[in-house]
Structures are given as C-alpha cells and as structure tokens.
Amino acid sequence: MRDHALYPSLHDTDLLMLNGPFTELQGDGTRSLSLVPPSMFGPPEKIHVDMKDTATPGVITATIGKGVVTWVPWDLGALYYRHSLPAHAGLFRDLVATLLPEPQLKTDAHPLVEVTFMEQGTRRLVHLVNLTGHSQTGYFAPVPMHNINIEVAGNYLRAHTVRTPGALPLRKAGARTVFTIPVLRDYELVVLE
C-alpha cells in the first residue's frame with residue numbers, strides 16, 4: 001500500500017493478501033497499490049526475508065471517454081468470499097467510493113444485513129435480508145435488528161413496509177430521503193413512491 005489517502009479504509013494496512021491469478025499490467029503502481037511477488041514460505045522468522053516490492057500495478061484506473069474505469073487485475077471478490085478479510089472489503093469499498101462518491105443508498109445496518117436498492121417503474125424497492133441466522137450450511141432464526149436508518153437518493157412522498165405492513169415516516173435531506181425501519185426479523189421490503 002503506497003498511498004493510504006487513496007484507501008482510507010486501509011489506513012493501518014501495508015500489505016494485502018493475494019492468492020491466485022494475477023494479470024501483470026504495464027503502468028506504475030508505486031503511487032497506489034503494487035504487486036509484491038510470492039516470497040518464501042516457512043516459519044515466522046523466515047517469512048518475507050526475501051520480500052521484493054515492484055512497480056507492477058495492483059489496481060488500474062483510467063479515464064475512457066466521459067467515464068472512469070477501475071480494474072483490479074486479480075480476483076478481489078473471490079478472495080473476500082474465501083477468506084472474508086476486512087482489508088479486501090475495505091479496498092473494494094474505497095474503490096467504489098472513488099467511482100461513486102455519492103452512493104444511491106447509505107445505511108447504518110449491521111454488516112450481516114444484505115440491502116438491495118431496485119427500480120420498478122416509478123417506484124423504488126429496498127430489500128433487506130437479515131443474514132444473522134446463516135452459518136455455513138445451516139440456517140437458524142436470525143437475530144432481530146431494530147431502528148435501521150436508510151438514506152436513499154431521490155425525493156419520495158410515501159414509503160411502506162410489505163413483510164410487516166406499515167407506513168414509514170420520511171425525512172428529507174436535500175435531494176435524499178431518509179427513513180427508519182423499526183424492526184427487521186428475517187426479511188423486509190420497503191416500497192418508495
């Protein structure tokens with residue numbers, strides 16, 4: 001990690017684990033994130049004694065036409081799926097925040113609440129799935145969550161929950177709408193109109 005200001009979620013991280021295919025690209029990774037090739041494996045006193053840094057970029061960002069594209073030349077998503085390391089999640093979060101500085105949805109929901117924001121005609125749907133009951137191949141009753149705050153882009157006049165039917169009070173925050181879900185058991189759907 002070269003420039004911690006580019007990746008605020010990784011302010012205490014100097015190395016990210018990489019395991020698997022890596023596409024070597026032309027460019028200068030010394031300004032952001034660069035490849036450190038595999039080093040010796042062994043007891044702790046021997047690990048990384050032969051570590052070598054390179055200028056091979058670990059992330060490429062380019063302006064193409066009127067847009068910006070960021071490419072990670074290694075499988076960040078698969079590594080997070082296999083190992084669930086906070087550093088991989090932090091890198092992904094920071095890359096998305098760079099490309100989309102004002103996200104469509106913000107929430108204070110627990111990380112084990114999956115939130116999906118969808119468009120259906122003129123209305124928007126916010127799906128929440130409580131994954132606290134999921135444990136590898138087993139599924140148990142999820143832990144209820146309370147007072148989940150959600151802020152979405154756009155000004156809406158009405159919101160209601162479907163699973164536990166009820167109207168939700170809305171608050172405006174500029175060009176955004178804010179609401180609170182009183183309780184999330186296993187699943188909830190919020191319809192914004």
# chains A, B, ... in the order shown; residues from 1 in each chain; ligands from 1
$ select_by_dssp --residues "region 35-185 of chain A" --states "strand (DSSP E)" --output "ChimeraX atom specification"
/A:60-64,67-71,105-107,113-120,123-130,134-135,138-139,145-153,159-161,166-167,171-173,176-184
$ residues_around --residues "region 45-62 of chain A" --least-positions-apart "2" --cutoff "8 Å" --atoms "only C-alpha atoms" --output "PyMOL selection string"
chain A and resi 24-30+32-43+64+68-74
$ write_last_selection --atoms "C-alpha atoms" --output "short mmCIF file (atom, residue, chain, number, x, y, z; two decimals), in the first residue's frame"
data_model
loop_
_atom_site.label_atom_id
_atom_site.label_comp_id
_atom_site.auth_asym_id
_atom_site.auth_seq_id
_atom_site.Cartn_x
_atom_site.Cartn_y
_atom_site.Cartn_z
CA GLU A 24 0.58 -8.22 -14.92
CA LEU A 25 -0.13 -4.84 -16.46
CA GLN A 26 2.02 -2.01 -17.73
CA GLY A 27 1.95 1.04 -15.52
CA ASP A 28 3.32 2.47 -12.34
CA GLY A 29 1.86 1.01 -9.18
CA THR A 30 4.22 2.94 -6.94
CA SER A 32 -1.19 3.48 -5.17
CA LEU A 33 -1.04 -0.30 -4.90
CA SER A 34 1.70 -2.53 -6.32
CA LEU A 35 2.42 -6.24 -6.55
CA VAL A 36 4.70 -7.92 -4.05
CA PRO A 37 5.56 -11.29 -5.66
CA PRO A 38 5.37 -14.51 -3.63
CA SER A 39 8.07 -14.85 -1.05
CA MET A 40 9.47 -17.72 0.98
CA PHE A 41 7.06 -19.86 3.00
CA GLY A 42 8.18 -21.19 6.31
CA PRO A 43 8.48 -20.37 10.00
CA ILE A 64 -12.15 6.46 -21.06
CA VAL A 68 -13.71 6.37 -15.45
CA VAL A 69 -12.93 2.68 -15.17
CA THR A 70 -11.07 0.89 -12.38
CA TRP A 71 -9.75 -2.60 -12.92
CA VAL A 72 -8.32 -4.92 -10.29
CA PRO A 73 -6.10 -7.44 -12.11
CA TRP A 74 -6.66 -10.14 -9.50
#
$ atom_distance --atom1 "CA of Leu125 (chain A)" --atom2 "CA of Glu188 (chain A)"
10.3 Å
$ atom_distance --atom1 "CA of Arg2 (chain A)" --atom2 "CA of Pro103 (chain A)"
25.9 Å
$ atom_distance --atom1 "CA of Tyr7 (chain A)" --atom2 "CA of Leu100 (chain A)"
14.1 Å
$ closest_residue --among "A:Arg82, A:His88, A:Lys66, A:Arg31" --to "Thr13 (chain A)" --atoms "only C-alpha atoms"
A:His88
$ residues_around --residues "Gly121 (chain A)" --least-positions-apart "2" --cutoff "12 Å" --atoms "only C-alpha atoms" --output "list in words"
Met118, Glu119, Arg123, Arg124, Leu125, Val191, Leu192 and Glu193 of chain A
$ write_last_selection --atoms "N, CA and C atoms" --output "JSON list (two decimals), in the first residue's frame"
[["chain", "number", "residue", "atom", "x", "y", "z"],
["A", 118, "MET", "N", -33.60, -1.34, -5.68],
["A", 118, "MET", "CA", -34.01, -1.68, -7.04],
["A", 118, "MET", "C", -35.02, -0.69, -7.58],
["A", 119, "GLU", "N", -35.09, -0.63, -8.89],
["A", 119, "GLU", "CA", -36.04, 0.23, -9.58],
["A", 119, "GLU", "C", -37.14, -0.63, -10.17],
["A", 123, "ARG", "N", -41.47, 3.47, -8.97],
["A", 123, "ARG", "CA", -41.19, 3.28, -7.54],
["A", 123, "ARG", "C", -39.85, 2.58, -7.35],
["A", 124, "ARG", "N", -39.34, 2.68, -6.13],
["A", 124, "ARG", "CA", -38.07, 2.04, -5.78],
["A", 124, "ARG", "C", -38.34, 1.05, -4.67],
["A", 125, "LEU", "N", -37.58, -0.04, -4.69],
["A", 125, "LEU", "CA", -37.73, -1.10, -3.70],
["A", 125, "LEU", "C", -36.43, -1.26, -2.94],
["A", 191, "VAL", "N", -41.23, -0.16, 0.02],
["A", 191, "VAL", "CA", -41.65, 0.39, -1.28],
["A", 191, "VAL", "C", -41.66, 1.91, -1.13],
["A", 192, "LEU", "N", -40.88, 2.57, -1.99],
["A", 192, "LEU", "CA", -40.81, 4.04, -2.02],
["A", 192, "LEU", "C", -41.51, 4.55, -3.27],
["A", 193, "GLU", "N", -42.44, 5.52, -3.07],
["A", 193, "GLU", "CA", -43.15, 6.09, -4.21],
["A", 193, "GLU", "C", -43.11, 7.60, -4.14]]
$ residues_around --residues "Asn147 (chain A)" --least-positions-apart "5" --cutoff "6 Å" --atoms "only C-alpha atoms" --output "count of residues only"
3
$ residues_around --residues "Val152 (chain A)" --least-positions-apart "3" --cutoff "10 Å" --atoms "only C-alpha atoms" --output "list in words"
Pro103, Gln104, Leu105, Lys106, Thr107, Phe117, Arg124, Val126, Asn155, Tyr156, Lys172, Ala173, Ala175, Arg176, Thr177, Val178, Phe179 and Leu192 of chain A
$ closest_residue --among "A:His83, A:Arg163, A:His4, A:His146" --to "Ala109 (chain A)" --atoms "only C-alpha atoms"
A:His146
$ residues_around --residues "His110 (chain A)" --least-positions-apart "3" --cutoff "12 Å" --atoms "only C-alpha atoms" --output "list of chain:residue names"
A:Thr107, A:Val113, A:Glu114, A:Val115, A:Leu128, A:Val129, A:Asn130, A:Leu131, A:Thr132, A:Val143, A:Pro144, A:Met145, A:His146, A:Asn147, A:Ile148, A:Asn149, A:Ile150, A:Leu184
$ select_by_dssp --residues "chain A" --states "helix (DSSP H, G or I)" --output "PyMOL selection string"
chain A and resi 8-10+29-31+76-83+86-99
$ closest_residue --among "A:Asp3, A:Asp186, A:Asp75, A:Asp12" --to "Ala141 (chain A)" --atoms "only C-alpha atoms"
A:Asp186
$ decode --residues "region 35-128 of chain A" --atoms "C-alpha atoms" --output "JSON list (two decimals), in the first residue's frame"
[["chain", "number", "residue", "atom", "x", "y", "z"],
["A", 35, "LEU", "CA", 2.42, -6.24, -6.55],
["A", 36, "VAL", "CA", 4.70, -7.92, -4.05],
["A", 37, "PRO", "CA", 5.56, -11.29, -5.66],
["A", 38, "PRO", "CA", 5.37, -14.51, -3.63],
["A", 39, "SER", "CA", 8.07, -14.85, -1.05],
["A", 40, "MET", "CA", 9.47, -17.72, 0.98],
["A", 41, "PHE", "CA", 7.06, -19.86, 3.00],
["A", 42, "GLY", "CA", 8.18, -21.19, 6.31],
["A", 43, "PRO", "CA", 8.48, -20.37, 10.00],
["A", 44, "PRO", "CA", 7.70, -16.78, 11.06],
["A", 45, "GLU", "CA", 11.36, -15.78, 11.27],
["A", 46, "LYS", "CA", 11.86, -16.72, 7.61],
["A", 47, "ILE", "CA", 8.69, -15.32, 6.07],
["A", 48, "HIS", "CA", 9.22, -12.20, 3.96],
["A", 49, "VAL", "CA", 13.02, -12.06, 4.39],
["A", 50, "ASP", "CA", 13.18, -12.26, 0.59],
["A", 51, "MET", "CA", 10.22, -9.90, 0.02],
["A", 52, "LYS", "CA", 10.65, -7.65, -3.00],
["A", 53, "ASP", "CA", 8.45, -4.74, -3.95],
["A", 54, "THR", "CA", 7.67, -3.95, -7.58],
["A", 55, "ALA", "CA", 6.14, -1.14, -9.60],
["A", 56, "THR", "CA", 3.60, -3.58, -11.14],
["A", 57, "PRO", "CA", 0.17, -2.01, -10.52],
["A", 58, "GLY", "CA", -2.34, -3.88, -8.35],
["A", 59, "VAL", "CA", -5.14, -1.51, -9.39],
["A", 60, "ILE", "CA", -5.52, 0.44, -12.65],
["A", 61, "THR", "CA", -7.79, 3.47, -13.03],
["A", 62, "ALA", "CA", -8.21, 5.20, -16.38],
["A", 63, "THR", "CA", -10.42, 7.82, -17.97],
["A", 64, "ILE", "CA", -12.15, 6.46, -21.06],
["A", 65, "GLY", "CA", -14.31, 8.90, -22.98],
["A", 66, "LYS", "CA", -16.54, 10.63, -20.42],
["A", 67, "GLY", "CA", -16.21, 7.85, -17.85],
["A", 68, "VAL", "CA", -13.71, 6.37, -15.45],
["A", 69, "VAL", "CA", -12.93, 2.68, -15.17],
["A", 70, "THR", "CA", -11.07, 0.89, -12.38],
["A", 71, "TRP", "CA", -9.75, -2.60, -12.92],
["A", 72, "VAL", "CA", -8.32, -4.92, -10.29],
["A", 73, "PRO", "CA", -6.10, -7.44, -12.11],
["A", 74, "TRP", "CA", -6.66, -10.14, -9.50],
["A", 75, "ASP", "CA", -9.81, -11.73, -8.12],
["A", 76, "LEU", "CA", -10.64, -9.46, -5.18],
["A", 77, "GLY", "CA", -14.21, -10.78, -4.90],
["A", 78, "ALA", "CA", -13.17, -14.45, -4.77],
["A", 79, "LEU", "CA", -10.54, -13.73, -2.13],
["A", 80, "TYR", "CA", -13.10, -11.95, 0.02],
["A", 81, "TYR", "CA", -15.57, -14.81, -0.48],
["A", 82, "ARG", "CA", -12.98, -17.39, 0.59],
["A", 83, "HIS", "CA", -11.33, -15.53, 3.47],
["A", 84, "SER", "CA", -13.62, -12.62, 4.48],
["A", 85, "LEU", "CA", -10.63, -10.42, 5.27],
["A", 86, "PRO", "CA", -11.61, -6.88, 6.28],
["A", 87, "ALA", "CA", -8.78, -5.46, 4.15],
["A", 88, "HIS", "CA", -10.29, -6.91, 0.96],
["A", 89, "ALA", "CA", -13.71, -5.48, 1.85],
["A", 90, "GLY", "CA", -12.07, -2.13, 2.67],
["A", 91, "LEU", "CA", -10.27, -1.98, -0.68],
["A", 92, "PHE", "CA", -13.49, -2.75, -2.56],
["A", 93, "ARG", "CA", -15.41, -0.14, -0.54],
["A", 94, "ASP", "CA", -12.76, 2.50, -1.22],
["A", 95, "LEU", "CA", -12.64, 1.74, -4.96],
["A", 96, "VAL", "CA", -16.43, 2.03, -5.24],
["A", 97, "ALA", "CA", -16.41, 5.26, -3.21],
["A", 98, "THR", "CA", -13.87, 6.73, -5.62],
["A", 99, "LEU", "CA", -16.02, 5.87, -8.64],
["A", 100, "LEU", "CA", -19.33, 6.74, -6.99],
["A", 101, "PRO", "CA", -18.69, 9.44, -4.35],
["A", 102, "GLU", "CA", -22.40, 9.90, -3.58],
["A", 103, "PRO", "CA", -23.91, 6.41, -3.29],
["A", 104, "GLN", "CA", -27.57, 5.74, -4.06],
["A", 105, "LEU", "CA", -28.08, 4.27, -0.60],
["A", 106, "LYS", "CA", -26.48, 4.73, 2.81],
["A", 107, "THR", "CA", -27.37, 2.76, 5.93],
["A", 108, "ASP", "CA", -26.24, 2.01, 9.45],
["A", 109, "ALA", "CA", -27.47, -1.59, 9.16],
["A", 110, "HIS", "CA", -25.32, -4.35, 10.63],
["A", 111, "PRO", "CA", -22.90, -5.86, 8.06],
["A", 112, "LEU", "CA", -24.93, -9.08, 8.12],
["A", 113, "VAL", "CA", -27.96, -7.28, 6.71],
["A", 114, "GLU", "CA", -27.96, -7.54, 2.92],
["A", 115, "VAL", "CA", -29.54, -4.45, 1.35],
["A", 116, "THR", "CA", -30.60, -4.18, -2.30],
["A", 117, "PHE", "CA", -31.96, -0.99, -3.89],
["A", 118, "MET", "CA", -34.01, -1.68, -7.04],
["A", 119, "GLU", "CA", -36.04, 0.23, -9.58],
["A", 120, "GLN", "CA", -39.53, -0.92, -10.56],
["A", 121, "GLY", "CA", -41.26, 1.53, -12.86],
["A", 122, "THR", "CA", -41.67, 4.82, -10.96],
["A", 123, "ARG", "CA", -41.19, 3.28, -7.54],
["A", 124, "ARG", "CA", -38.07, 2.04, -5.78],
["A", 125, "LEU", "CA", -37.73, -1.10, -3.70],
["A", 126, "VAL", "CA", -35.37, -1.59, -0.79],
["A", 127, "HIS", "CA", -34.95, -5.28, 0.11],
["A", 128, "LEU", "CA", -33.35, -6.18, 3.44]]
